[in-house]
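Engineer: Sharing a structure with you now.
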Amino acid sequence: MSTHQRIREFYSVLYEAYGSQGWWPGEDTLEIILGAILTQNTSWKNAKKAIDNLKREGLISVEGLRLISLDELAQLIRPSGYYNQKAVKVKNFIGFLVEEYGGDLGKMLSEDTKRFRSKLLRIRGIGPETADSILLYAAKRPVFVVDTYTYRILLRHNLIGEETTYEEIQNLFMDSLPQDTGLFNEYHALLVKLGKERCRKKPICKGCPLEYDPHNV
DNA sequence: CACCAGGCAAGTA
DNA sequence: TACTTGCATGGT
């Protein structure tokens, strides 16, 4: 079976096994963007605590985040880890939003997808995964998000090699599937779901819904 | 105690 | 270019 066919088959199997994941767990677009930054290399649970702190302070707004001091912001997002760096990242994003779009989220979100992606990648603190999460989950563009789970699962199932790059993996999905925002949303969430319980650094393959048999490859 | 979590950038040679 | 290191809290 071709790699593209297997990519399509994995989706059916995962959806059958786990059902809809209901991502992104955030209410408005700014909250989704903040979540994308705060969850970098951090459990969603901890990122959520940071988001809740910001919410409690009424800070999920462009003006709020623009006016708060860096140090206060850092303290509020402590639970998400790397809080000093992430405070700078949030400030960098808000600075970008104000400078490029006059602080108008709607204007930013209607930017052409490719242009928007390359602009996001110029912000210090926003790399490919965070940029694509913003494009998919906040801007609702059909862009596939690749994360460490995606890499690990594809590697373990021999669909990619160790050296495969972010963009190559992304293209693998985007060339195999219809360009559908809802599908990409669900697929990424399902890969995270699978990765959380099975495809960790210490392999747990027995009983994997993808039925990978390490002795039969 | 060790190890991991929905990354990214900067430093070194 | 190709490695390596720093960032940091909270859960298992």
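Residues in the structure tokens are named by chain (A, B, ... in the order shown) and by number from 1 within that chain; ligands are numbered from 1 in the order shown.
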Could you work out which residues of chain A fall inside 12 Å of chain B? Count only C-alpha atoms (C1' of nucleotides), and format the result as a PyMOL selection string.
Structural biologist: chain A and resi 23-25+35-48+80-82+85-86+89+121+123-131+133+145-150+188-196+200-202
Engineer: Running DSSP on the backbone, which parts of stretch 21-145 of chain A land in alpha helix (DSSP H), as number ranges by chain?
Structural biologist: A: 29-38, 44-56, 62-67, 70-76, 83-101, 105-109, 113-121, 128-133
Engineer: Could you build a table of the residues in chain C lying no more than 8 Å from chain A, giving for each the nearest pair of atoms and their separation in Å rounded to one decimal place, using only C-alpha atoms (C1' of nucleotides), ordered by chain and ascending residue number, as a Markdown table?
Structural biologist:
```
| residue | atom | partner | partner_atom | distance |
| --- | --- | --- | --- | --- |
| C:DC7 | C1' | A:Tyr82 | CA | 5.2 |
| C:DA8 | C1' | A:Gly81 | CA | 4.6 |
| C:DT9 | C1' | A:Gly81 | CA | 4.5 |
| C:DG10 | C1' | A:Asn46 | CA | 7.0 |
```
Engineer: What's the separation between atom CA of A:Glu167 and atom CA of A:Glu27, in Å to one decimal place?
Structural biologist: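 Spanning atom CA of A:Glu167 to atom CA of A:Glu27 is a straight-line distance of 28.7 Å.
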Engineer: Using atom CA of A:Ile33 and atom CA of A:Glu57 as the two end points, give the distance in Å to one decimal.
Structural biologist: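 A separation of 17.5 Å between them.
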Engineer: Report, in Å with one decimal, the straight-line distance from atom CA of A:Asn185 to atom CA of A:Leu136.
Structural biologist: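 Distance between the two atoms: 6.9 Å.
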Engineer: Do a neighbour search on stretch 106-115 of chain A at 9 Å with only C-alpha atoms (C1' of nucleotides), toss out local chain neighbours closer than 6 positions, and write the hits as an NGL selection string.
Structural biologist: :A and (97 or 100 or 135 or 138-141 or 143)
Engineer: Just want the 12 Å neighbourhood of A:Cys199, counted on only C-alpha atoms (C1' of nucleotides), with same-chain residues fewer than 6 positions away dropped. Output as JSON, numbers by chain.
Structural biologist: {"A": [148, 149, 150, 151, 152, 153, 154, 155, 156, 157, 191, 192, 193, 205, 206, 207, 208, 209, 210, 212]}
